[in-house]
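Text of the file target27.cif, holding mmCIF, C-alpha atoms and all ligand atoms:
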```cif
data_work
loop_
_atom_site.label_atom_id
_atom_site.label_comp_id
_atom_site.auth_asym_id
_atom_site.auth_seq_id
_atom_site.Cartn_x
_atom_site.Cartn_y
_atom_site.Cartn_z
CA MET A 23 0.00 0.00 0.00
CA LYS A 24 0.99 3.58 -0.41
CA LEU A 25 2.30 5.37 2.66
CA SER A 26 -0.13 8.21 3.23
CA SER A 27 -1.07 8.59 6.88
CA ARG A 28 0.09 8.58 10.47
CA GLU A 29 -2.50 5.87 11.32
CA GLN A 30 -0.76 3.38 9.03
CA ILE A 31 2.44 3.81 11.02
CA GLU A 32 0.65 3.60 14.35
CA ASN A 33 -1.00 0.36 13.26
CA LEU A 34 2.30 -1.03 12.09
CA SER A 35 4.03 -0.12 15.35
CA LYS A 36 1.42 -2.12 17.27
CA PHE A 37 2.66 -5.36 15.74
CA LYS A 38 4.83 -7.34 18.11
CA SER A 39 5.61 -11.02 18.36
CA ASP A 40 6.73 -12.68 21.55
CA SER A 41 8.24 -15.68 19.80
CA PHE A 42 9.73 -14.22 16.60
CA LEU A 43 11.66 -11.21 15.32
CA THR A 44 10.40 -8.94 12.55
CA THR A 45 12.44 -8.22 9.44
CA SER A 46 12.30 -4.62 8.22
CA PHE A 47 13.58 -3.99 4.72
CA TYR A 48 14.08 -0.51 3.22
CA LEU A 49 15.17 0.03 -0.35
CA LYS A 50 15.89 3.08 -2.47
CA THR A 51 14.04 2.60 -5.77
CA ASP A 52 14.22 6.06 -7.28
CA LYS A 53 14.34 5.44 -11.02
CA SER A 54 15.12 9.08 -11.74
CA ARG A 55 18.45 8.61 -10.00
CA MET A 56 19.23 4.93 -10.49
CA THR A 57 18.93 2.45 -13.32
CA LYS A 58 16.82 -0.70 -12.92
CA LYS A 59 20.04 -2.67 -12.87
CA GLU A 60 21.49 -0.61 -10.02
CA ILE A 61 18.30 -0.99 -8.00
CA ALA A 62 18.25 -4.75 -8.53
CA LEU A 63 21.90 -4.97 -7.54
CA SER A 64 21.50 -2.94 -4.36
CA SER A 65 18.52 -5.05 -3.34
CA LYS A 66 20.59 -8.20 -3.91
CA ASN A 67 23.48 -6.83 -1.84
CA LEU A 68 21.20 -5.76 0.96
CA LEU A 69 19.53 -9.16 1.14
CA SER A 70 22.83 -10.99 1.14
CA ASN A 71 24.02 -8.71 3.97
CA GLY A 72 20.86 -9.69 5.79
CA ARG A 73 21.63 -13.34 5.26
CA SER A 74 25.13 -13.06 6.68
CA GLN A 75 23.80 -11.05 9.65
CA LEU A 76 21.33 -13.84 10.27
CA ASP A 77 24.02 -16.54 10.06
CA GLN A 78 25.93 -14.85 12.86
CA MET A 79 22.95 -14.45 15.17
CA GLU A 80 22.60 -16.84 18.06
CA MET A 81 19.02 -17.77 18.71
CA SER A 82 16.50 -20.57 18.54
CA LYS A 83 16.02 -22.52 15.32
CA ASP A 84 12.40 -21.41 15.01
CA LYS A 85 13.32 -17.75 15.21
CA LYS A 86 16.03 -18.14 12.59
CA GLU A 87 13.75 -20.14 10.33
CA SER A 88 11.14 -17.37 10.46
CA MET A 89 13.67 -14.71 9.48
CA SER A 90 15.15 -16.87 6.78
CA GLN A 91 11.65 -17.19 5.30
CA ASP A 92 11.28 -13.39 5.53
CA LEU A 93 14.41 -12.95 3.42
CA GLU A 94 13.21 -15.50 0.91
CA LYS A 95 9.81 -13.83 0.56
CA ILE A 96 11.42 -10.40 0.14
CA THR A 97 13.85 -11.79 -2.44
CA ASN A 98 10.94 -13.27 -4.41
CA PHE A 99 8.98 -10.07 -4.21
CA CYS A 100 11.93 -8.01 -5.45
CA SER A 101 12.75 -10.27 -8.36
CA LYS A 102 9.12 -10.23 -9.50
CA HIS A 103 8.09 -6.63 -8.88
CA LEU A 104 11.10 -4.31 -8.63
CA SER A 105 11.31 -3.55 -12.32
CA SER A 106 7.72 -2.31 -12.41
CA HIS A 107 7.91 -0.51 -9.06
CA ASN A 108 7.29 3.20 -9.67
CA PHE A 109 7.93 4.83 -6.32
CA SER A 110 11.08 6.35 -4.85
CA GLY A 111 11.26 3.80 -2.11
CA LEU A 112 10.03 0.47 -0.84
CA ALA A 113 9.54 -0.78 2.71
CA ILE A 114 8.65 -4.35 3.65
CA PHE A 115 7.94 -5.70 7.14
CA SER A 116 7.78 -9.41 7.53
CA CYS A 117 7.47 -11.87 10.39
CA SER A 118 6.87 -15.24 8.74
CA GLY A 119 6.50 -17.12 12.03
CA GLN A 120 3.44 -15.00 12.67
CA GLU A 121 2.38 -14.77 9.01
CA PHE A 122 2.83 -11.01 9.11
CA TRP A 123 3.62 -9.17 5.87
CA GLU A 124 3.19 -5.44 5.24
CA LEU A 125 4.44 -3.50 2.26
CA PHE A 126 4.66 0.25 1.73
CA ASN A 127 5.41 2.24 -1.40
CA LEU A 128 7.33 5.35 -0.40
CA PRO A 129 7.28 8.78 -2.07
CA THR A 130 10.82 9.54 -0.82
CA SER A 131 13.96 7.42 -0.88
CA PRO A 132 14.94 5.82 2.44
CA LEU A 133 18.44 4.65 3.34
CA ASN A 134 18.97 1.05 2.23
CA ARG A 135 18.84 -1.18 5.25
CA ILE A 136 17.68 -4.44 6.68
CA ILE A 137 16.92 -4.77 10.37
CA PHE A 138 15.87 -7.69 12.56
CA ASP A 139 14.18 -6.50 15.70
CA GLN A 140 11.35 -7.11 18.17
CA ASN A 141 9.00 -4.94 16.17
CA PRO A 142 8.88 -3.17 12.81
CA TYR A 143 11.53 -0.51 12.35
CA ILE A 144 9.27 2.46 11.68
CA ARG A 145 11.41 5.55 12.06
CA PRO A 146 12.14 6.05 8.34
CA LEU A 147 8.38 5.97 7.66
CA SER A 148 7.68 8.55 10.32
CA ALA A 149 10.52 10.70 8.98
CA ILE A 150 9.07 10.56 5.46
CA LEU A 151 5.61 11.48 6.66
CA ASP A 152 7.04 14.32 8.69
CA GLN A 153 8.57 15.77 5.56
CA HIS A 154 5.20 16.28 3.92
CA HIS A 155 2.37 18.66 4.58
CA ARG A 156 -1.10 18.48 3.11
CA ILE A 157 -1.21 21.47 0.81
CA PHE A 158 -4.12 23.20 -0.86
CA ALA A 159 -3.12 25.03 -4.00
CA LEU A 160 -5.72 27.49 -5.22
CA THR A 161 -5.15 29.17 -8.55
CA PHE A 162 -7.49 31.75 -9.98
CA ASP A 163 -7.85 34.47 -12.58
CA ARG A 164 -10.92 36.38 -13.78
CA ARG A 165 -12.18 33.42 -15.73
CA GLU A 166 -11.89 30.52 -13.34
CA ALA A 167 -10.61 29.11 -10.07
CA LYS A 168 -9.12 25.67 -9.41
CA TRP A 169 -8.50 23.91 -6.09
CA TYR A 170 -5.86 21.23 -5.83
CA ASP A 171 -4.95 18.88 -3.03
CA ILE A 172 -1.24 18.09 -2.83
CA PHE A 173 0.12 15.39 -0.56
CA MET A 174 3.19 13.18 -0.61
CA GLY A 175 4.26 14.42 -4.00
CA GLU A 176 0.89 13.85 -5.69
CA ILE A 177 -1.68 16.31 -6.92
CA SER A 178 -5.41 15.97 -7.47
CA LEU A 179 -7.97 18.49 -8.64
CA LEU A 180 -10.65 18.97 -5.98
CA GLU A 181 -12.94 21.46 -7.62
CA ASN A 182 -13.13 24.17 -10.23
CA LEU A 183 -15.33 27.20 -10.73
CA ILE A 184 -15.93 29.12 -13.94
CA GLU A 185 -17.10 32.70 -13.68
CA ASP A 186 -15.62 34.82 -16.46
CA VAL A 187 -15.63 38.33 -15.00
CA PRO A 188 -15.14 40.79 -17.90
CA SER A 189 -11.76 42.45 -17.62
CA LYS A 190 -12.52 46.09 -18.34
CA VAL A 191 -14.51 48.58 -20.32
CA ARG A 192 -13.55 48.34 -23.94
CA GLU A 193 -11.29 51.24 -24.89
CA GLY A 194 -13.02 54.02 -26.70
CA GLY A 195 -16.33 52.19 -26.50
CA TRP A 196 -17.72 53.99 -23.48
CA GLU A 197 -17.39 57.49 -22.21
CA GLY A 198 -17.95 59.45 -19.02
CA TYR A 199 -20.64 58.49 -16.60
CA GLU A 200 -21.62 55.28 -18.36
CA SER A 201 -18.04 54.03 -18.48
CA LYS A 202 -17.54 54.69 -14.74
CA ARG A 203 -20.78 52.91 -13.91
CA ILE A 204 -19.67 49.85 -15.83
CA GLU A 205 -16.26 49.88 -14.20
CA ARG A 206 -17.90 49.94 -10.79
CA HIS A 207 -20.17 47.13 -11.84
CA ILE A 208 -17.18 45.06 -12.92
CA ALA A 209 -15.34 45.80 -9.67
CA THR A 210 -18.35 44.57 -7.67
CA HIS A 211 -18.60 41.48 -9.84
CA LEU A 212 -14.93 40.72 -9.24
CA HIS A 213 -15.33 41.30 -5.51
CA ASP A 214 -18.30 38.90 -5.36
CA TYR A 215 -16.38 36.34 -7.36
CA PHE A 216 -13.43 36.57 -4.94
CA LYS A 217 -15.82 36.14 -2.04
CA LYS A 218 -17.29 33.07 -3.67
CA ILE A 219 -13.77 31.66 -4.05
CA THR A 220 -12.85 32.24 -0.41
CA GLN A 221 -16.13 30.71 0.78
CA LYS A 222 -15.57 27.66 -1.37
CA THR A 223 -12.02 27.38 -0.01
CA PHE A 224 -13.32 27.40 3.53
CA GLU A 225 -15.91 24.71 2.73
CA LEU A 226 -13.21 22.55 1.20
CA PHE A 227 -10.97 23.14 4.20
CA LYS A 228 -13.69 21.93 6.57
CA LYS A 229 -14.01 18.75 4.53
CA ASN A 230 -10.36 18.05 3.74
CA HIS A 231 -8.27 19.78 6.41
CA PHE A 232 -4.95 20.96 5.09
CA ASP A 233 -1.83 22.34 6.72
CA TRP A 234 -0.76 24.88 4.18
CA LEU A 235 -2.49 27.06 1.61
CA PHE A 236 -0.72 28.26 -1.52
CA LEU A 237 -2.35 30.86 -3.75
CA GLY A 238 -1.66 31.44 -7.41
CA CYS A 239 -3.03 34.62 -8.97
CA ARG A 240 -1.88 37.85 -10.60
CA GLU A 241 -0.07 40.09 -8.18
CA LYS A 242 -2.57 42.92 -8.66
CA TYR A 243 -5.41 40.80 -7.15
CA ARG A 244 -3.58 39.94 -3.95
CA SER A 245 -4.48 43.06 -1.98
CA ASP A 246 -8.19 42.72 -2.84
CA PHE A 247 -8.29 39.00 -2.26
CA GLU A 248 -6.30 38.56 0.95
CA PRO A 249 -8.65 40.47 3.30
CA LEU A 250 -11.51 38.19 2.22
CA ILE A 251 -9.80 35.01 3.41
CA HIS A 252 -11.15 33.45 6.61
CA PRO A 253 -8.77 33.96 9.58
CA TYR A 254 -8.32 30.17 9.94
CA LEU A 255 -7.11 29.99 6.40
CA LYS A 256 -5.02 33.12 6.62
CA ALA A 257 -2.96 31.44 9.32
CA ARG A 258 -2.31 28.65 6.84
CA LEU A 259 -1.51 30.85 3.88
CA LYS A 260 2.15 30.08 3.40
CA GLY A 261 2.99 31.33 -0.02
CA TRP A 262 2.08 32.61 -3.44
CA LEU A 263 2.45 30.74 -6.70
CA LYS A 264 3.08 32.03 -10.19
CA THR A 265 1.00 29.28 -11.75
CA MET A 266 -2.43 30.12 -13.14
CA PRO A 267 -5.60 28.04 -13.63
CA SER A 268 -4.64 27.53 -17.28
CA ASP A 269 -1.38 25.82 -16.25
CA SER A 270 -1.18 22.04 -16.06
CA PRO A 271 -1.50 20.23 -12.71
CA THR A 272 2.11 19.11 -13.19
CA ALA A 273 3.25 22.74 -13.31
CA VAL A 274 1.25 23.57 -10.16
CA LEU A 275 2.71 20.52 -8.42
CA LYS A 276 6.27 21.37 -9.38
CA GLU A 277 6.08 24.93 -8.13
CA SER A 278 4.27 23.89 -4.94
CA LEU A 279 6.82 21.22 -4.07
CA GLY A 280 9.65 23.70 -4.57
CA LEU A 281 7.93 26.14 -2.24
CA GLU A 282 7.19 23.40 0.30
CA LYS A 283 10.85 22.44 0.43
CA LYS A 284 11.92 26.02 1.09
CA LEU A 285 9.30 26.54 3.79
CA LYS A 286 10.14 23.24 5.41
CA LYS A 287 13.80 24.17 5.65
CA ARG A 288 12.88 27.51 7.20
CA GLU A 289 10.58 25.80 9.68
CA GLU A 290 13.28 23.32 10.71
CA ASP A 291 15.82 26.12 11.14
CA GLU A 292 13.34 27.92 13.38
CA ILE A 293 12.71 24.86 15.57
CA VAL A 294 16.42 24.19 16.02
CA HIS A 295 17.00 27.86 16.72
CA ARG A 296 14.27 27.83 19.38
CA LEU A 297 15.74 24.69 20.92
CA VAL A 298 19.22 26.16 21.05
CA SER A 299 18.08 29.38 22.69
CA GLU A 300 16.00 27.40 25.23
CA LEU A 301 19.09 25.29 26.00
CA GLU A 302 21.30 28.33 26.32
CA LYS A 303 19.04 29.97 28.86
CA GLY A 304 18.64 26.68 30.77
CA GLY A 305 14.92 26.50 30.01
CA LEU A 306 12.60 23.61 29.24
CA ALA A 307 14.83 21.76 26.81
CA THR A 308 17.50 19.13 26.72
CA SER A 309 20.05 17.83 24.22
CA GLY A 310 22.45 14.98 23.63
CA LEU A 311 21.44 11.33 23.42
CA LYS A 312 21.96 10.40 27.07
CA ARG A 313 20.04 13.33 28.52
CA THR A 314 17.29 13.14 25.92
CA LEU A 315 16.71 9.44 26.65
CA ARG A 316 16.62 10.18 30.36
CA SER A 317 13.96 12.85 29.85
CA LEU A 318 12.01 10.52 27.60
CA ASN A 319 12.13 7.74 30.22
CA ARG A 320 10.81 10.17 32.81
CA GLY A 321 7.96 11.32 30.61
CA GLU A 322 9.21 14.91 30.45
CA VAL A 323 9.44 15.17 26.66
CA GLN A 324 6.96 17.28 24.76
CA THR A 325 8.65 17.35 21.34
CA LEU A 326 11.48 15.06 20.35
CA ILE A 327 13.83 16.59 17.81
CA THR A 328 16.21 14.32 15.99
CA THR A 329 18.46 14.48 12.98
CA ARG A 330 17.14 12.50 10.06
CA ASP A 331 18.93 9.16 9.54
CA PHE A 332 20.90 9.52 12.80
CA SER A 333 21.18 6.10 14.42
CA LYS A 334 23.05 4.62 17.39
CA PRO A 335 22.94 1.27 19.15
CA GLY A 336 21.63 1.31 22.70
CA ARG A 337 19.85 -0.73 25.36
CA ILE A 338 16.32 -1.23 26.62
CA CYS A 339 14.95 -2.46 29.94
CA PRO A 340 12.65 -5.44 29.25
CA LYS A 341 10.43 -4.48 32.18
CA CYS A 342 10.15 -0.68 32.21
CA SER A 343 10.95 -0.21 28.47
CA PHE A 344 13.35 2.54 29.55
CA LEU A 345 15.97 3.37 26.93
CA PHE A 346 19.67 3.80 27.57
CA VAL A 347 22.88 4.43 25.70
CA ASP A 348 24.96 1.94 27.68
CA GLU A 349 23.38 0.96 31.03
CA LEU A 350 23.79 -2.80 31.46
CA ARG A 351 21.30 -2.79 34.33
CA CYS A 352 18.15 -0.68 34.54
CA PRO A 353 18.76 1.84 37.36
CA SER A 354 15.07 1.71 38.18
CA CYS A 355 14.27 -2.04 38.42
CA LYS A 356 17.82 -3.44 38.40
CA ARG A 357 17.07 -5.87 35.60
CA LYS A 358 19.60 -6.68 32.88
CA THR A 359 18.97 -4.54 29.79
CA ASN A 360 18.77 -5.87 26.22
CA PRO A 361 20.78 -4.53 23.29
CA LEU A 362 19.06 -2.47 20.56
CA VAL A 363 20.18 -2.00 16.97
CA ASP A 364 19.01 1.60 16.92
CA VAL A 365 18.02 3.29 20.15
CA ILE A 366 16.88 6.41 18.30
CA ASP A 367 14.30 4.42 16.39
CA GLU A 368 13.01 3.11 19.72
CA ALA A 369 13.03 6.63 21.14
CA VAL A 370 10.89 7.87 18.23
CA GLU A 371 8.51 5.00 18.76
CA ALA A 372 8.35 5.62 22.52
CA ALA A 373 7.73 9.31 21.89
CA LEU A 374 4.89 8.57 19.45
CA ASN A 375 3.33 6.15 21.94
CA LYS A 376 3.46 8.84 24.61
CA ASN A 377 1.74 11.30 22.26
CA CYS A 378 4.82 13.50 21.97
CA GLN A 379 5.52 15.27 18.74
CA VAL A 380 8.52 14.10 16.77
CA ARG A 381 10.44 16.32 14.38
CA HIS A 382 13.08 15.04 12.01
CA ILE A 383 15.65 17.64 11.01
CA ILE A 384 17.47 17.29 7.72
CA PRO A 385 21.24 17.61 8.28
CA PRO A 386 23.36 19.64 8.33
CA SER A 387 21.84 21.81 11.04
CA LYS A 388 22.81 23.45 14.32
CA LEU A 389 21.48 20.34 16.05
CA ASP A 390 24.69 18.57 14.95
CA ARG A 391 26.58 20.55 17.57
CA PHE A 392 24.21 19.36 20.30
CA GLY A 393 24.60 15.63 19.82
CA LYS A 394 22.14 15.49 16.88
CA ILE A 395 19.17 14.98 19.19
CA GLY A 396 17.26 17.00 21.74
CA ALA A 397 13.81 17.74 23.08
CA PHE A 398 11.47 20.41 24.31
CA LEU A 399 10.23 19.42 27.76
CA ARG A 400 6.86 19.72 29.45
CA TYR A 401 8.58 20.12 32.78
CA LYS A 402 11.90 19.32 34.37
CA ALA A 403 11.99 16.88 37.24
CA SER A 404 14.22 18.02 40.06
CA ILE A 405 17.20 15.71 40.40
ZN ZN B 501 13.66 -1.37 34.40
#
```
Can you dump the structure from the file as structure tokens?
Amino acid sequence: MKLSSREQIENLSKFKSDSFLTTSFYLKTDKSRMTKKEIALSSKNLLSNGRSQLDQMEMSKDKKESMSQDLEKITNFCSKHLSSHNFSGLAIFSCSGQEFWELFNLPTSPLNRIIFDQNPYIRPLSAILDQHHRIFALTFDRREAKWYDIFMGEISLLENLIEDVPSKVREGGWEGYESKRIERHIATHLHDYFKKITQKTFELFKKNHFDWLFLGCREKYRSDFEPLIHPYLKARLKGWLKTMPSDSPTAVLKESLGLEKKLKKREEDEIVHRLVSELEKGGLATSGLKRTLRSLNRGEVQTLITTRDFSKPGRICPKCSFLFVDELRCPSCKRKTNPLVDVIDEAVEAALNKNCQVRHIIPPSKLDRFGKIGAFLRYKASI
């Protein structure tokens, strides 16, 4: 299925098997950057890495058998379907012992990797989702208005309206009083048409909820149009497009994605900047892996902020599910902790389960100087 919502990831993260491990497989399949041959080769390499990892693992025969079947199923899938796969990435989660198999087509390339773990390795999915906003692109001129929905790199036309407001009094055709009267009439017509557009936009917003609104119209209409927009929508108005209703959806999509990328970068810079200034004044924030995990374990985290694709091994307490960089025994319950392939992935998962927000920052950023990870806190427990 196509990755398109937070619920899909939440559902996936609920899967857990007590008797078997889950195989998570991520593959870059961006045909605009790689040939089919290169994609097939990298999938082959990745799977053979997985096989040698598996050979070295010490565990029960049943567990190994389940994972070996996972690899076989993934190999079969890739040899049959990779050449016709038309997305930038592919993610497969398999736990054969439990007959679990879930496949996602990804709009953005992930890092190639294969991971055997207690549950599905979901962080790359959450990072991809985090990169995308639901955008409404509205383009209009005097003749018509078009509303588009843009999400995860795809565009669809929601609605269009044809009005055809005459542009102006024909030159030389009208004089004096009559000409002024007609001009006023046209201005009112245009105003009503703009109102109709903003009302329609609000109706569509109530039905489809979007994060950002982009508007495409001639510059001269902006000052008349903007005051008519509902305050809810005004807060979401993030930019202006050059594309017009006569332009193709592809052109609208291209310009919108370019704008989204720029805005996203600015937003990330702002978050990191806020975090750094909170840290510097000793406020409600923390940074560095060790301290961030401690705050997460204590339930202090409000927003977890991590560098995209940053990963580190760590440990987890089997009883409290507390996460650590290197504690061999849980300081809280004194049990022996278990090793983790990627403690940051677990941290993201723990944060999502605790209803914290998670932000993935594309490197390089100022966060690099603070251990690549940090958090805004709800409160700070006294030590
Ligand atoms: Zn514990």
Report as a list in words which protein, DNA and RNA residues come within 8 Å of ligand ZN 501 (chain B), using all atoms listed in the file.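 Protein and nucleic-acid residues within 8 Å of ligand ZN 501 (chain B): Cys339, Pro340, Lys341, Cys342, Ser343, Phe344, Arg351, Cys352, Pro353, Ser354, Cys355, Lys356, Arg357 and Thr359 of chain A.
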Quick one: contact table of stretch 138-201 of chain A to stretch 252-265 of chain A, 12 Å max, nearest atom pair and distance in Å to one decimal per residue, counting all atoms listed in the file, chain and number order, as JSON lines?
```
{"residue": "A:His155", "atom": "CA", "partner": "A:Arg258", "partner_atom": "CA", "distance": 11.3}
{"residue": "A:Arg156", "atom": "CA", "partner": "A:Arg258", "partner_atom": "CA", "distance": 10.9}
{"residue": "A:Ile157", "atom": "CA", "partner": "A:Arg258", "partner_atom": "CA", "distance": 9.4}
{"residue": "A:Phe158", "atom": "CA", "partner": "A:Leu259", "partner_atom": "CA", "distance": 9.4}
{"residue": "A:Ala159", "atom": "CA", "partner": "A:Leu263", "partner_atom": "CA", "distance": 8.4}
{"residue": "A:Leu160", "atom": "CA", "partner": "A:Leu263", "partner_atom": "CA", "distance": 8.9}
{"residue": "A:Thr161", "atom": "CA", "partner": "A:Thr265", "partner_atom": "CA", "distance": 6.9}
{"residue": "A:Phe162", "atom": "CA", "partner": "A:Thr265", "partner_atom": "CA", "distance": 9.0}
{"residue": "A:Asp163", "atom": "CA", "partner": "A:Thr265", "partner_atom": "CA", "distance": 10.3}
{"residue": "A:Ala167", "atom": "CA", "partner": "A:Thr265", "partner_atom": "CA", "distance": 11.7}
{"residue": "A:Lys168", "atom": "CA", "partner": "A:Thr265", "partner_atom": "CA", "distance": 11.0}
```
I'd like the contact shell of stretch 63-67 of chain A - 8 Å cut-off, all atoms listed in the file, skipping same-chain residues fewer than 6 positions apart - returned as a list in words.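 The residues that qualify are Leu49, Thr97 and Cys100 of chain A.
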Suppose we keep C-alpha atoms; can you now write the selection as a PDB file, in the coordinates of the input?
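Full text of out.pdb as output:
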```pdb
ATOM      1  CA  LEU A  49      15.170   0.030  -0.350  1.00  0.00           C
ATOM      2  CA  THR A  97      13.850 -11.790  -2.440  1.00  0.00           C
ATOM      3  CA  CYS A 100      11.930  -8.010  -5.450  1.00  0.00           C
TER       4      CYS A 100
END
```
Quick one: distance from atom CA of A:Ala209 to atom CA of A:Leu183 in Å, one decimal?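 Computed distance, atom CA of A:Ala209 to atom CA of A:Leu183, equals 18.6 Å.
The residue set within 8 Å of stretch 318-321 of chain A, counting all atoms listed in the file and dropping same-chain residues fewer than 4 places from it, reads Thr314, Phe344, Leu345, Ala369, Ala372, Ala373 and Lys376 of chain A.
Comparing A:His382, A:Lys24, A:Lys85, A:His107 by their smallest distance to A:Lys287, the closest is A:His382 (using all atoms listed in the file).
Our summary of the geometry notes that atom CA of A:Leu125 is positioned 6.1 Å from atom CA of A:Met23.
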Record the distance separating atom CA of A:Ser387 and atom CA of A:Thr329, expressed in Å with one decimal. 8.3 Å
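Remark: residues at most 6 Å from position (19.9, 2.5, 18.6) in file coordinates are Ser333, Lys334, Pro335, Gly336, Leu362, Val363, Asp364, Val365 and Ile366 of chain A, using only C-alpha atoms.
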Exercise on stretch 27-31 of chain A, axis-aligned box with 4 Å per side, report centre and edge lengths in Å to one decimal, as AutoDock Vina command-line options:
```
--center_x 0.0 --center_y 6.0 --center_z 9.1 --size_x 12.9 --size_y 13.2 --size_z 12.4
```
Point (22.4, 13.6, 29.4), cut-off 12 Å, counting all atoms listed in the file, residues as number ranges by chain: A: 307-319, 346-347, 392-393, 395-397
I want to know what sits within 12 Å of A:Asp291, based on all atoms listed in the file, with residues of the same chain fewer than 4 positions away left out; could you give that as a short mmCIF file (atom, residue, chain, number, x, y, z; two decimals) with C-alpha atoms, in the coordinates of the input?
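And here is the file that came out, around_23.cif:
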```
data_model
loop_
_atom_site.label_atom_id
_atom_site.label_comp_id
_atom_site.auth_asym_id
_atom_site.auth_seq_id
_atom_site.Cartn_x
_atom_site.Cartn_y
_atom_site.Cartn_z
CA LYS A 284 11.92 26.02 1.09
CA LEU A 285 9.30 26.54 3.79
CA LYS A 286 10.14 23.24 5.41
CA LYS A 287 13.80 24.17 5.65
CA HIS A 295 17.00 27.86 16.72
CA ARG A 296 14.27 27.83 19.38
CA LEU A 297 15.74 24.69 20.92
CA VAL A 298 19.22 26.16 21.05
CA ILE A 327 13.83 16.59 17.81
CA ARG A 381 10.44 16.32 14.38
CA HIS A 382 13.08 15.04 12.01
CA ILE A 383 15.65 17.64 11.01
CA ILE A 384 17.47 17.29 7.72
CA PRO A 385 21.24 17.61 8.28
CA PRO A 386 23.36 19.64 8.33
CA SER A 387 21.84 21.81 11.04
CA LYS A 388 22.81 23.45 14.32
CA LEU A 389 21.48 20.34 16.05
#
```
Using all atoms listed in the file, which of A:Ile31, A:Ile219, A:Leu275, A:Leu235 sits nearest A:Val370?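 Nearest candidate to A:Val370 out of A:Ile31, A:Ile219, A:Leu275, A:Leu235: A:Ile31.
The nearest approach to A:Ser118 among the residues A:Met89, A:Leu104, A:Ile144, A:Leu237, with all atoms listed in the file taken into account, belongs to A:Met89.
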Residue among A:Asp52, A:Glu371, A:Glu185, A:Asp92 lying closest to A:Phe138, counting only C-alpha atoms: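 Under the stated criterion, the closest residue is A:Asp92.
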Nearest candidate to A:Glu290 (options A:Asp233, A:Glu205, A:Glu29, A:Asp152; using all atoms listed in the file): A:Asp152
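The protein and nucleic acid residues lying at most 7 Å from A:Arg145 are Tyr143, Leu147, Ser148, Ala149, Asp367 and Val370 of chain A, with only C-alpha atoms considered and sequence neighbours fewer than 2 positions away removed.
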Each stretch 236-355 of chain A residue no farther than 12 Å from stretch 211-214 of chain A, nearest pair in Å, only C-alpha atoms, as JSON lines:
```
{"residue": "A:Tyr243", "atom": "CA", "partner": "A:Leu212", "partner_atom": "CA", "distance": 9.7}
{"residue": "A:Arg244", "atom": "CA", "partner": "A:His213", "partner_atom": "CA", "distance": 11.9}
{"residue": "A:Ser245", "atom": "CA", "partner": "A:His213", "partner_atom": "CA", "distance": 11.5}
{"residue": "A:Asp246", "atom": "CA", "partner": "A:His213", "partner_atom": "CA", "distance": 7.8}
{"residue": "A:Phe247", "atom": "CA", "partner": "A:His213", "partner_atom": "CA", "distance": 8.1}
{"residue": "A:Glu248", "atom": "CA", "partner": "A:His213", "partner_atom": "CA", "distance": 11.4}
{"residue": "A:Pro249", "atom": "CA", "partner": "A:His213", "partner_atom": "CA", "distance": 11.1}
{"residue": "A:Leu250", "atom": "CA", "partner": "A:His213", "partner_atom": "CA", "distance": 9.2}
```
Would you mind telling me which residue in A:Gln153, A:Ser101, A:Asn360, A:Asn375 lies nearest to A:Glu282 when using only C-alpha atoms?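 The closest residue to A:Glu282 is A:Gln153.
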Excluding stretch 270-274 of chain A and residues on its chain fewer than 6 positions from it, collect all residues at most 8 Å away from it, counting all atoms listed in the file, and give them as an MDAnalysis selection string. chainID A and resid 159 177:179
Generate the missing atoms of stretch 300-308 of chain A up to N, CA and C atoms and report them as a CSV table (one decimal), keeping the file's coordinate frame.
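Result file follows (part30.csv):
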```
chain,number,residue,atom,x,y,z
A,300,GLU,N,16.6,27.9,24.0
A,300,GLU,CA,16.0,27.4,25.2
A,300,GLU,C,17.1,26.7,26.0
A,301,LEU,N,18.0,26.0,25.3
A,301,LEU,CA,19.1,25.3,26.0
A,301,LEU,C,20.0,26.3,26.6
A,302,GLU,N,20.3,27.4,25.9
A,302,GLU,CA,21.3,28.3,26.3
A,302,GLU,C,20.8,29.1,27.6
A,303,LYS,N,19.5,29.3,27.7
A,303,LYS,CA,19.0,30.0,28.9
A,303,LYS,C,18.6,29.0,30.0
A,304,GLY,N,18.9,27.7,29.7
A,304,GLY,CA,18.6,26.7,30.8
A,304,GLY,C,17.1,26.5,31.0
A,305,GLY,N,16.4,26.6,29.9
A,305,GLY,CA,14.9,26.5,30.0
A,305,GLY,C,14.5,25.1,29.8
A,306,LEU,N,13.2,24.9,29.4
A,306,LEU,CA,12.6,23.6,29.2
A,306,LEU,C,13.0,22.9,28.0
A,307,ALA,N,14.3,22.5,28.0
A,307,ALA,CA,14.8,21.8,26.8
A,307,ALA,C,16.0,20.9,27.3
A,308,THR,N,16.3,19.9,26.4
A,308,THR,CA,17.5,19.1,26.7
A,308,THR,C,18.1,18.7,25.4
```
